[in-house]
Amino acid sequence: MAMLRPIIYSSASTPMTPDLSTKMFDLTHYPALEKLDSATLAEMAHQEYQSGSYDLSERLCMELWRREQDNTGCLLLLSSIHFQCRRLEKSAQFSALAIKKNPLLAEAYSNLGNVFKERGQLPQALYHYRHAVRLKPDFVDGYINLAAALVANGDLLEAVEAYNTALQINPDLYGVRSDLGNLYKALGRLEDAKSCYMKAIETQPTFAVAWSNLGCVYNSQG
């Protein structure tokens, strides 16, 4: 699922120290989290999330949130953590808190959309994704999430439009371009599908999925 790229850094964010990076943020080395500055906590929480250490990331986020109740980036990451752990109610709660702090925070609406989509509530998911991209017209992940929900809802032509918008913003998303190719293939637009797969391969020559999909199209054409 292409979505959760939470940003929890402030403008005062500082690079990791060698000590932190070599210990891989094992909290047994840091029993007193209150001694760490907020920028370091944010960096550690993000790194642990990216590595799949959701429990550690949550602990770090909770310490950061204890200090900074208005830190919407922290709330977004907590929402993402709980979503990854399939604690959907908690994920929704933290997204709602972020929206309460900042009603214009597109990422929070997208995270709520993820919860609704996971629950099979597609109309609510689509509403939140659409609201997210209205708030932030260059929100690539928002368009990708919207496209996936539209596909699930059977709205393939609208999904094509959403994927194309994402690719206009970032043409290098070879996985998204391959997904768009799959949509074109499902719609019977095989030349468009081939073009997508070839562009995906041009961007990432080792992307085996696109090679396989391209071969399937050629086979279907005889």
# chains A, B, ... in the order shown; residues from 1 in each chain; ligands from 1
call {"tool": "closest_atom_pairs", "arguments": {"of": "segment 66-114 of chain A", "to": "segment 141-153 of chain A", "cutoff": "10 Å", "atoms": "only C-alpha atoms", "output": "JSON lines"}}
result
{"residue": "A:Ala106", "atom": "CA", "partner": "A:Gly142", "partner_atom": "CA", "distance": 8.1}
{"residue": "A:Glu107", "atom": "CA", "partner": "A:Gly142", "partner_atom": "CA", "distance": 7.6}
{"residue": "A:Tyr109", "atom": "CA", "partner": "A:Gly142", "partner_atom": "CA", "distance": 9.0}
{"residue": "A:Ser110", "atom": "CA", "partner": "A:Gly142", "partner_atom": "CA", "distance": 6.1}
{"residue": "A:Asn111", "atom": "CA", "partner": "A:Gly142", "partner_atom": "CA", "distance": 9.1}
{"residue": "A:Gly113", "atom": "CA", "partner": "A:Asn145", "partner_atom": "CA", "distance": 8.2}
{"residue": "A:Asn114", "atom": "CA", "partner": "A:Asn145", "partner_atom": "CA", "distance": 7.7}
call {"tool": "write_last_selection", "arguments": {"atoms": "C-alpha atoms", "output": "short mmCIF file (atom, residue, chain, number, x, y, z; two decimals), in the first residue's frame"}}
result
data_model
loop_
_atom_site.label_atom_id
_atom_site.label_comp_id
_atom_site.auth_asym_id
_atom_site.auth_seq_id
_atom_site.Cartn_x
_atom_site.Cartn_y
_atom_site.Cartn_z
CA ALA A 106 -4.06 16.74 4.04
CA GLU A 107 -2.00 13.79 5.30
CA TYR A 109 -7.37 13.01 5.96
CA SER A 110 -5.48 10.53 3.80
CA ASN A 111 -4.61 8.44 6.85
CA GLY A 113 -9.10 7.34 4.31
CA ASN A 114 -6.73 4.42 4.77
#
call {"tool": "select_by_dssp", "arguments": {"residues": "segment 68-130 of chain A", "states": "alpha helix (DSSP H)", "output": "PDB file with C-alpha atoms, in the first residue's frame"}}
result
ATOM      1  CA  THR A  72       0.865  17.168  14.227  1.00  0.00           C
ATOM      2  CA  GLY A  73       3.759  15.312  12.586  1.00  0.00           C
ATOM      3  CA  CYS A  74       4.019  13.157  15.682  1.00  0.00           C
ATOM      4  CA  LEU A  75       0.267  12.525  15.594  1.00  0.00           C
ATOM      5  CA  LEU A  76       0.506  11.515  11.941  1.00  0.00           C
ATOM      6  CA  LEU A  77       3.250   9.039  12.685  1.00  0.00           C
ATOM      7  CA  LEU A  78       1.282   7.564  15.591  1.00  0.00           C
ATOM      8  CA  SER A  79      -1.674   7.202  13.238  1.00  0.00           C
ATOM      9  CA  SER A  80       0.563   5.419  10.738  1.00  0.00           C
ATOM     10  CA  ILE A  81       2.069   3.140  13.382  1.00  0.00           C
ATOM     11  CA  HIS A  82      -1.326   1.997  14.614  1.00  0.00           C
ATOM     12  CA  PHE A  83      -2.499   1.479  11.040  1.00  0.00           C
ATOM     13  CA  GLN A  84       0.459  -0.777  10.290  1.00  0.00           C
ATOM     14  CA  LEU A  88      -7.550   0.883  13.194  1.00  0.00           C
ATOM     15  CA  GLU A  89      -9.532   2.659  15.891  1.00  0.00           C
ATOM     16  CA  LYS A  90      -6.397   4.143  17.430  1.00  0.00           C
ATOM     17  CA  SER A  91      -5.115   5.109  13.992  1.00  0.00           C
ATOM     18  CA  ALA A  92      -8.338   6.987  13.323  1.00  0.00           C
ATOM     19  CA  GLN A  93      -8.185   8.671  16.724  1.00  0.00           C
ATOM     20  CA  PHE A  94      -4.706  10.059  16.137  1.00  0.00           C
ATOM     21  CA  SER A  95      -5.647  11.252  12.642  1.00  0.00           C
ATOM     22  CA  ALA A  96      -8.681  12.999  14.105  1.00  0.00           C
ATOM     23  CA  LEU A  97      -6.483  14.645  16.739  1.00  0.00           C
ATOM     24  CA  ALA A  98      -4.145  15.891  14.019  1.00  0.00           C
ATOM     25  CA  ILE A  99      -7.096  17.330  12.091  1.00  0.00           C
ATOM     26  CA  LYS A 100      -8.351  19.029  15.243  1.00  0.00           C
ATOM     27  CA  LYS A 101      -4.946  20.685  15.619  1.00  0.00           C
ATOM     28  CA  ALA A 106      -4.064  16.744   4.044  1.00  0.00           C
ATOM     29  CA  GLU A 107      -2.000  13.794   5.298  1.00  0.00           C
ATOM     30  CA  ALA A 108      -4.339  13.272   8.239  1.00  0.00           C
ATOM     31  CA  TYR A 109      -7.373  13.012   5.961  1.00  0.00           C
ATOM     32  CA  SER A 110      -5.480  10.532   3.796  1.00  0.00           C
ATOM     33  CA  ASN A 111      -4.613   8.440   6.850  1.00  0.00           C
ATOM     34  CA  LEU A 112      -8.292   8.447   7.839  1.00  0.00           C
ATOM     35  CA  GLY A 113      -9.101   7.345   4.313  1.00  0.00           C
ATOM     36  CA  ASN A 114      -6.733   4.415   4.765  1.00  0.00           C
ATOM     37  CA  VAL A 115      -8.672   3.317   7.853  1.00  0.00           C
ATOM     38  CA  PHE A 116     -12.005   3.497   6.051  1.00  0.00           C
ATOM     39  CA  LYS A 117     -10.608   1.615   3.040  1.00  0.00           C
ATOM     40  CA  GLU A 118      -9.228  -1.105   5.300  1.00  0.00           C
ATOM     41  CA  LEU A 122     -15.144   2.843   0.313  1.00  0.00           C
ATOM     42  CA  PRO A 123     -17.463   5.875   0.101  1.00  0.00           C
ATOM     43  CA  GLN A 124     -15.950   7.308   3.287  1.00  0.00           C
ATOM     44  CA  ALA A 125     -12.441   6.442   2.104  1.00  0.00           C
ATOM     45  CA  LEU A 126     -12.995   8.178  -1.222  1.00  0.00           C
ATOM     46  CA  TYR A 127     -14.398  11.256   0.502  1.00  0.00           C
ATOM     47  CA  HIS A 128     -11.307  11.612   2.684  1.00  0.00           C
ATOM     48  CA  TYR A 129      -8.830  10.976  -0.133  1.00  0.00           C
ATOM     49  CA  ARG A 130     -10.574  13.529  -2.358  1.00  0.00           C
TER      50      ARG A 130
END
call {"tool": "residues_around", "arguments": {"residues": "Val160 of chain A", "least_positions_apart": "3", "cutoff": "12 Å", "atoms": "only C-alpha atoms", "output": "compact mmCIF listing (two decimals) with N, CA and C atoms, in the first residue's frame"}}
result
# COMPACT_ATOMS: atom_id res chain seq x y z
N TYR A 143 -3.05 11.02 -4.16
CA TYR A 143 -3.59 10.57 -5.44
C TYR A 143 -3.42 9.06 -5.62
N ILE A 144 -2.32 8.51 -5.13
CA ILE A 144 -2.12 7.07 -5.23
C ILE A 144 -3.15 6.32 -4.40
N LEU A 146 -6.07 7.50 -3.52
CA LEU A 146 -7.36 7.71 -4.18
C LEU A 146 -7.53 6.74 -5.34
N ALA A 147 -6.48 6.58 -6.14
CA ALA A 147 -6.56 5.67 -7.29
C ALA A 147 -6.84 4.24 -6.85
N ALA A 148 -6.15 3.79 -5.79
CA ALA A 148 -6.36 2.42 -5.32
C ALA A 148 -7.80 2.22 -4.83
N ALA A 149 -8.35 3.22 -4.16
CA ALA A 149 -9.73 3.12 -3.68
C ALA A 149 -10.71 3.13 -4.85
N LEU A 150 -10.41 3.94 -5.87
CA LEU A 150 -11.28 3.97 -7.05
C LEU A 150 -11.27 2.63 -7.78
N VAL A 151 -10.10 2.01 -7.86
CA VAL A 151 -10.02 0.67 -8.47
C VAL A 151 -10.88 -0.31 -7.67
N GLY A 154 -14.36 0.00 -8.48
CA GLY A 154 -14.72 -0.27 -9.86
C GLY A 154 -14.71 0.94 -10.76
N ASP A 155 -14.20 2.07 -10.27
CA ASP A 155 -14.17 3.30 -11.06
C ASP A 155 -12.81 3.43 -11.77
N LEU A 156 -12.61 2.60 -12.79
CA LEU A 156 -11.28 2.50 -13.39
C LEU A 156 -10.87 3.75 -14.14
N LEU A 157 -11.78 4.40 -14.81
CA LEU A 157 -11.42 5.59 -15.56
C LEU A 157 -10.99 6.72 -14.63
N TYR A 163 -4.00 8.27 -11.09
CA TYR A 163 -2.63 7.81 -11.28
C TYR A 163 -1.85 8.77 -12.19
N ASN A 164 -2.50 9.24 -13.24
CA ASN A 164 -1.82 10.16 -14.15
C ASN A 164 -1.45 11.46 -13.45
N THR A 165 -2.32 11.93 -12.56
CA THR A 165 -2.00 13.14 -11.81
C THR A 165 -0.78 12.92 -10.93
N ALA A 166 -0.74 11.76 -10.26
CA ALA A 166 0.43 11.45 -9.42
C ALA A 166 1.71 11.43 -10.26
N LEU A 167 1.62 10.88 -11.46
CA LEU A 167 2.80 10.77 -12.31
C LEU A 167 3.20 12.11 -12.93
N VAL A 176 4.07 2.99 -9.69
CA VAL A 176 2.77 3.60 -10.00
C VAL A 176 2.50 3.53 -11.50
N ARG A 177 3.54 3.76 -12.30
CA ARG A 177 3.35 3.69 -13.76
C ARG A 177 3.00 2.27 -14.19
N SER A 178 3.59 1.28 -13.54
CA SER A 178 3.23 -0.10 -13.85
C SER A 178 1.78 -0.39 -13.44
N ASP A 179 1.36 0.14 -12.29
CA ASP A 179 -0.04 -0.02 -11.88
C ASP A 179 -0.98 0.63 -12.89
N LEU A 180 -0.59 1.80 -13.39
CA LEU A 180 -1.40 2.44 -14.42
C LEU A 180 -1.46 1.57 -15.67
N GLY A 181 -0.34 0.95 -16.01
CA GLY A 181 -0.35 0.02 -17.14
C GLY A 181 -1.33 -1.12 -16.92
N ASN A 182 -1.39 -1.62 -15.71
CA ASN A 182 -2.35 -2.69 -15.41
C ASN A 182 -3.79 -2.23 -15.62
N LEU A 183 -4.05 -0.98 -15.24
CA LEU A 183 -5.39 -0.43 -15.46
C LEU A 183 -5.71 -0.34 -16.94
N TYR A 184 -4.75 0.18 -17.70
CA TYR A 184 -4.97 0.26 -19.15
C TYR A 184 -5.21 -1.13 -19.73
N LYS A 185 -4.46 -2.10 -19.25
CA LYS A 185 -4.65 -3.47 -19.74
C LYS A 185 -6.05 -3.97 -19.43
N ALA A 186 -6.52 -3.69 -18.20
CA ALA A 186 -7.87 -4.11 -17.81
C ALA A 186 -8.94 -3.42 -18.66
N LEU A 187 -8.63 -2.21 -19.13
CA LEU A 187 -9.57 -1.46 -19.96
C LEU A 187 -9.43 -1.81 -21.44
N ARG A 189 -6.81 -1.22 -23.30
CA ARG A 189 -5.96 -0.23 -23.98
C ARG A 189 -4.51 -0.73 -23.95
N ASP A 192 -1.43 1.61 -24.65
CA ASP A 192 -1.16 2.47 -23.49
C ASP A 192 -0.50 1.67 -22.37
N ALA A 193 -0.96 0.44 -22.19
CA ALA A 193 -0.37 -0.43 -21.16
C ALA A 193 1.10 -0.68 -21.46
N CYS A 196 3.25 2.28 -20.69
CA CYS A 196 3.50 2.44 -19.24
C CYS A 196 4.57 1.48 -18.76
call {"tool": "atom_distance", "arguments": {"atom1": "atom CA of Ala210 of chain A", "atom2": "atom CA of Ala162 of chain A"}}
result
19.8 Å
call {"tool": "closest_residue", "arguments": {"among": "A:Asn219, A:Gly120, A:Gly175, A:Leu190", "to": "Pro205 of chain A", "atoms": "only C-alpha atoms"}}
result
A:Gly175
call {"tool": "residues_around", "arguments": {"residues": "Tyr174 of chain A", "least_positions_apart": "4", "cutoff": "7 Å", "atoms": "only C-alpha atoms", "output": "ChimeraX atom specification"}}
result
/A:178,200,203-204
call {"tool": "write_last_selection", "arguments": {"atoms": "all heavy atoms", "output": "PDB file, in the first residue's frame"}}
result
ATOM      1  N   SER A 178       3.587   1.278 -13.538  1.00  0.00           N
ATOM      2  CA  SER A 178       3.227  -0.104 -13.847  1.00  0.00           C
ATOM      3  C   SER A 178       1.779  -0.391 -13.444  1.00  0.00           C
ATOM      4  O   SER A 178       1.043  -1.072 -14.165  1.00  0.00           O
ATOM      5  CB  SER A 178       4.181  -1.060 -13.126  1.00  0.00           C
ATOM      6  OG  SER A 178       3.872  -2.407 -13.416  1.00  0.00           O
ATOM      7  N   ALA A 200       8.194   2.454 -17.237  1.00  0.00           N
ATOM      8  CA  ALA A 200       8.599   1.967 -15.918  1.00  0.00           C
ATOM      9  C   ALA A 200       9.962   1.290 -15.993  1.00  0.00           C
ATOM     10  O   ALA A 200      10.830   1.505 -15.133  1.00  0.00           O
ATOM     11  CB  ALA A 200       7.550   1.007 -15.363  1.00  0.00           C
ATOM     12  N   THR A 203      12.749   3.763 -16.385  1.00  0.00           N
ATOM     13  CA  THR A 203      13.096   4.402 -15.113  1.00  0.00           C
ATOM     14  C   THR A 203      13.855   3.452 -14.206  1.00  0.00           C
ATOM     15  O   THR A 203      14.812   3.849 -13.532  1.00  0.00           O
ATOM     16  CB  THR A 203      11.818   4.892 -14.404  1.00  0.00           C
ATOM     17  OG1 THR A 203      11.101   5.762 -15.277  1.00  0.00           O
ATOM     18  CG2 THR A 203      12.154   5.634 -13.105  1.00  0.00           C
ATOM     19  N   GLN A 204      13.422   2.185 -14.173  1.00  0.00           N
ATOM     20  CA  GLN A 204      14.055   1.183 -13.313  1.00  0.00           C
ATOM     21  C   GLN A 204      14.213  -0.116 -14.114  1.00  0.00           C
ATOM     22  O   GLN A 204      13.313  -0.953 -14.145  1.00  0.00           O
ATOM     23  CB  GLN A 204      13.200   0.954 -12.060  1.00  0.00           C
ATOM     24  CG  GLN A 204      13.739  -0.109 -11.110  1.00  0.00           C
ATOM     25  CD  GLN A 204      15.184   0.104 -10.745  1.00  0.00           C
ATOM     26  OE1 GLN A 204      16.087  -0.444 -11.390  1.00  0.00           O
ATOM     27  NE2 GLN A 204      15.426   0.917  -9.723  1.00  0.00           N
TER      28      GLN A 204
END
call {"tool": "atom_distance", "arguments": {"atom1": "atom CA of Ala39 of chain A", "atom2": "atom CA of Leu64 of chain A"}}
result
9.0 Å
call {"tool": "closest_residue", "arguments": {"among": "A:Val140, A:Ala32, A:Leu60, A:Leu105", "to": "His46 of chain A", "atoms": "only C-alpha atoms"}}
result
A:Leu60
call {"tool": "atom_distance", "arguments": {"atom1": "atom CA of Leu173 of chain A", "atom2": "atom CA of Ser195 of chain A"}}
result
14.3 Å
call {"tool": "residues_around", "arguments": {"residues": "Leu214 of chain A", "least_positions_apart": "2", "cutoff": "8 Å", "atoms": "only C-alpha atoms", "output": "list in words"}}
result
Ala193, Lys194, Tyr197, Met198, Ala210, Trp211, Ser212, Cys216, Val217 and Tyr218 of chain A
call {"tool": "residues_around", "arguments": {"residues": "Leu41 of chain A", "least_positions_apart": "3", "cutoff": "9 Å", "atoms": "only C-alpha atoms", "output": "list in words"}}
result
Leu33, Leu36, Asp37, Ser38, Met44, Ala45, His46, Leu60, Cys61, Glu63 and Leu64 of chain A
call {"tool": "decode", "arguments": {"residues": "segment 160-174 of chain A", "atoms": "all heavy atoms", "output": "PDB file, in the first residue's frame"}}
result
ATOM      1  N   VAL A 160      -7.507   5.936 -13.437  1.00  0.00           N
ATOM      2  CA  VAL A 160      -6.502   6.307 -14.439  1.00  0.00           C
ATOM      3  C   VAL A 160      -6.144   7.780 -14.284  1.00  0.00           C
ATOM      4  O   VAL A 160      -4.964   8.166 -14.299  1.00  0.00           O
ATOM      5  CB  VAL A 160      -7.021   6.017 -15.864  1.00  0.00           C
ATOM      6  CG1 VAL A 160      -6.165   6.718 -16.910  1.00  0.00           C
ATOM      7  CG2 VAL A 160      -7.034   4.517 -16.127  1.00  0.00           C
ATOM      8  N   GLU A 161      -7.150   8.615 -14.122  1.00  0.00           N
ATOM      9  CA  GLU A 161      -6.912  10.056 -13.968  1.00  0.00           C
ATOM     10  C   GLU A 161      -6.095  10.348 -12.713  1.00  0.00           C
ATOM     11  O   GLU A 161      -5.166  11.167 -12.736  1.00  0.00           O
ATOM     12  CB  GLU A 161      -8.249  10.788 -13.911  1.00  0.00           C
ATOM     13  CG  GLU A 161      -8.130  12.292 -13.836  1.00  0.00           C
ATOM     14  CD  GLU A 161      -9.481  12.984 -13.815  1.00  0.00           C
ATOM     15  OE1 GLU A 161     -10.506  12.324 -14.088  1.00  0.00           O
ATOM     16  OE2 GLU A 161      -9.511  14.197 -13.521  1.00  0.00           O
ATOM     17  N   ALA A 162      -6.420   9.656 -11.618  1.00  0.00           N
ATOM     18  CA  ALA A 162      -5.691   9.883 -10.369  1.00  0.00           C
ATOM     19  C   ALA A 162      -4.235   9.445 -10.492  1.00  0.00           C
ATOM     20  O   ALA A 162      -3.319  10.152 -10.045  1.00  0.00           O
ATOM     21  CB  ALA A 162      -6.380   9.149  -9.215  1.00  0.00           C
ATOM     22  N   TYR A 163      -4.001   8.272 -11.088  1.00  0.00           N
ATOM     23  CA  TYR A 163      -2.625   7.808 -11.284  1.00  0.00           C
ATOM     24  C   TYR A 163      -1.845   8.767 -12.186  1.00  0.00           C
ATOM     25  O   TYR A 163      -0.676   9.071 -11.941  1.00  0.00           O
ATOM     26  CB  TYR A 163      -2.613   6.408 -11.891  1.00  0.00           C
ATOM     27  CG  TYR A 163      -2.730   5.286 -10.891  1.00  0.00           C
ATOM     28  CD1 TYR A 163      -3.567   4.193 -11.135  1.00  0.00           C
ATOM     29  CD2 TYR A 163      -1.990   5.289  -9.712  1.00  0.00           C
ATOM     30  CE1 TYR A 163      -3.668   3.149 -10.225  1.00  0.00           C
ATOM     31  CE2 TYR A 163      -2.090   4.245  -8.805  1.00  0.00           C
ATOM     32  CZ  TYR A 163      -2.931   3.182  -9.061  1.00  0.00           C
ATOM     33  OH  TYR A 163      -3.029   2.145  -8.157  1.00  0.00           O
ATOM     34  N   ASN A 164      -2.498   9.235 -13.238  1.00  0.00           N
ATOM     35  CA  ASN A 164      -1.819  10.162 -14.147  1.00  0.00           C
ATOM     36  C   ASN A 164      -1.454  11.465 -13.450  1.00  0.00           C
ATOM     37  O   ASN A 164      -0.388  12.034 -13.705  1.00  0.00           O
ATOM     38  CB  ASN A 164      -2.698  10.442 -15.372  1.00  0.00           C
ATOM     39  CG  ASN A 164      -2.486   9.439 -16.495  1.00  0.00           C
ATOM     40  OD1 ASN A 164      -1.352   9.086 -16.801  1.00  0.00           O
ATOM     41  ND2 ASN A 164      -3.564   8.968 -17.097  1.00  0.00           N
ATOM     42  N   THR A 165      -2.317  11.926 -12.562  1.00  0.00           N
ATOM     43  CA  THR A 165      -2.005  13.140 -11.808  1.00  0.00           C
ATOM     44  C   THR A 165      -0.785  12.915 -10.931  1.00  0.00           C
ATOM     45  O   THR A 165       0.117  13.772 -10.861  1.00  0.00           O
ATOM     46  CB  THR A 165      -3.202  13.571 -10.950  1.00  0.00           C
ATOM     47  OG1 THR A 165      -4.346  13.774 -11.785  1.00  0.00           O
ATOM     48  CG2 THR A 165      -2.887  14.859 -10.193  1.00  0.00           C
ATOM     49  N   ALA A 166      -0.736  11.763 -10.255  1.00  0.00           N
ATOM     50  CA  ALA A 166       0.432  11.453  -9.424  1.00  0.00           C
ATOM     51  C   ALA A 166       1.707  11.429 -10.258  1.00  0.00           C
ATOM     52  O   ALA A 166       2.753  11.938  -9.833  1.00  0.00           O
ATOM     53  CB  ALA A 166       0.228  10.108  -8.721  1.00  0.00           C
ATOM     54  N   LEU A 167       1.625  10.878 -11.461  1.00  0.00           N
ATOM     55  CA  LEU A 167       2.805  10.765 -12.315  1.00  0.00           C
ATOM     56  C   LEU A 167       3.202  12.110 -12.931  1.00  0.00           C
ATOM     57  O   LEU A 167       4.377  12.324 -13.241  1.00  0.00           O
ATOM     58  CB  LEU A 167       2.554   9.738 -13.415  1.00  0.00           C
ATOM     59  CG  LEU A 167       2.531   8.287 -12.914  1.00  0.00           C
ATOM     60  CD1 LEU A 167       1.944   7.362 -13.965  1.00  0.00           C
ATOM     61  CD2 LEU A 167       3.932   7.831 -12.516  1.00  0.00           C
ATOM     62  N   GLN A 168       2.250  13.001 -13.106  1.00  0.00           N
ATOM     63  CA  GLN A 168       2.597  14.350 -13.553  1.00  0.00           C
ATOM     64  C   GLN A 168       3.425  15.061 -12.487  1.00  0.00           C
ATOM     65  O   GLN A 168       4.339  15.824 -12.805  1.00  0.00           O
ATOM     66  CB  GLN A 168       1.328  15.142 -13.854  1.00  0.00           C
ATOM     67  CG  GLN A 168       0.621  14.719 -15.132  1.00  0.00           C
ATOM     68  CD  GLN A 168      -0.751  15.354 -15.277  1.00  0.00           C
ATOM     69  OE1 GLN A 168      -1.109  16.270 -14.525  1.00  0.00           O
ATOM     70  NE2 GLN A 168      -1.524  14.873 -16.231  1.00  0.00           N
ATOM     71  N   ILE A 169       3.108  14.786 -11.229  1.00  0.00           N
ATOM     72  CA  ILE A 169       3.844  15.410 -10.127  1.00  0.00           C
ATOM     73  C   ILE A 169       5.215  14.764  -9.975  1.00  0.00           C
ATOM     74  O   ILE A 169       6.226  15.448  -9.758  1.00  0.00           O
ATOM     75  CB  ILE A 169       3.035  15.301  -8.819  1.00  0.00           C
ATOM     76  CG1 ILE A 169       1.696  16.018  -8.967  1.00  0.00           C
ATOM     77  CG2 ILE A 169       3.819  15.880  -7.641  1.00  0.00           C
ATOM     78  CD1 ILE A 169       0.711  15.711  -7.864  1.00  0.00           C
ATOM     79  N   ASN A 170       5.258  13.437 -10.075  1.00  0.00           N
ATOM     80  CA  ASN A 170       6.529  12.714  -9.952  1.00  0.00           C
ATOM     81  C   ASN A 170       6.599  11.620 -11.018  1.00  0.00           C
ATOM     82  O   ASN A 170       6.114  10.507 -10.809  1.00  0.00           O
ATOM     83  CB  ASN A 170       6.669  12.097  -8.559  1.00  0.00           C
ATOM     84  CG  ASN A 170       8.033  11.455  -8.345  1.00  0.00           C
ATOM     85  OD1 ASN A 170       8.816  11.306  -9.283  1.00  0.00           O
ATOM     86  ND2 ASN A 170       8.318  11.065  -7.115  1.00  0.00           N
ATOM     87  N   PRO A 171       7.206  11.914 -12.159  1.00  0.00           N
ATOM     88  CA  PRO A 171       7.253  10.946 -13.266  1.00  0.00           C
ATOM     89  C   PRO A 171       8.116   9.718 -12.989  1.00  0.00           C
ATOM     90  O   PRO A 171       8.073   8.762 -13.773  1.00  0.00           O
ATOM     91  CB  PRO A 171       7.850  11.768 -14.424  1.00  0.00           C
ATOM     92  CG  PRO A 171       7.719  13.199 -14.013  1.00  0.00           C
ATOM     93  CD  PRO A 171       7.809  13.202 -12.526  1.00  0.00           C
ATOM     94  N   ASP A 172       8.897   9.730 -11.930  1.00  0.00           N
ATOM     95  CA  ASP A 172       9.839   8.641 -11.667  1.00  0.00           C
ATOM     96  C   ASP A 172       9.242   7.495 -10.850  1.00  0.00           C
ATOM     97  O   ASP A 172       9.956   6.549 -10.502  1.00  0.00           O
ATOM     98  CB  ASP A 172      11.074   9.178 -10.940  1.00  0.00           C
ATOM     99  CG  ASP A 172      11.877  10.129 -11.813  1.00  0.00           C
ATOM    100  OD1 ASP A 172      11.850   9.966 -13.042  1.00  0.00           O
ATOM    101  OD2 ASP A 172      12.518  11.045 -11.255  1.00  0.00           O
ATOM    102  N   LEU A 173       7.961   7.542 -10.560  1.00  0.00           N
ATOM    103  CA  LEU A 173       7.322   6.491  -9.753  1.00  0.00           C
ATOM    104  C   LEU A 173       7.019   5.287 -10.652  1.00  0.00           C
ATOM    105  O   LEU A 173       5.906   5.112 -11.143  1.00  0.00           O
ATOM    106  CB  LEU A 173       6.043   7.028  -9.104  1.00  0.00           C
ATOM    107  CG  LEU A 173       6.249   8.159  -8.092  1.00  0.00           C
ATOM    108  CD1 LEU A 173       4.895   8.734  -7.666  1.00  0.00           C
ATOM    109  CD2 LEU A 173       6.999   7.642  -6.863  1.00  0.00           C
ATOM    110  N   TYR A 174       8.024   4.463 -10.839  1.00  0.00           N
ATOM    111  CA  TYR A 174       7.880   3.362 -11.798  1.00  0.00           C
ATOM    112  C   TYR A 174       6.837   2.335 -11.355  1.00  0.00           C
ATOM    113  O   TYR A 174       6.157   1.736 -12.188  1.00  0.00           O
ATOM    114  CB  TYR A 174       9.228   2.685 -12.053  1.00  0.00           C
ATOM    115  CG  TYR A 174       9.936   2.166 -10.832  1.00  0.00           C
ATOM    116  CD1 TYR A 174       9.700   0.884 -10.353  1.00  0.00           C
ATOM    117  CD2 TYR A 174      10.865   2.972 -10.156  1.00  0.00           C
ATOM    118  CE1 TYR A 174      10.359   0.413  -9.244  1.00  0.00           C
ATOM    119  CE2 TYR A 174      11.530   2.507  -9.046  1.00  0.00           C
ATOM    120  CZ  TYR A 174      11.265   1.228  -8.577  1.00  0.00           C
ATOM    121  OH  TYR A 174      11.923   0.748  -7.466  1.00  0.00           O
TER     122      TYR A 174
END
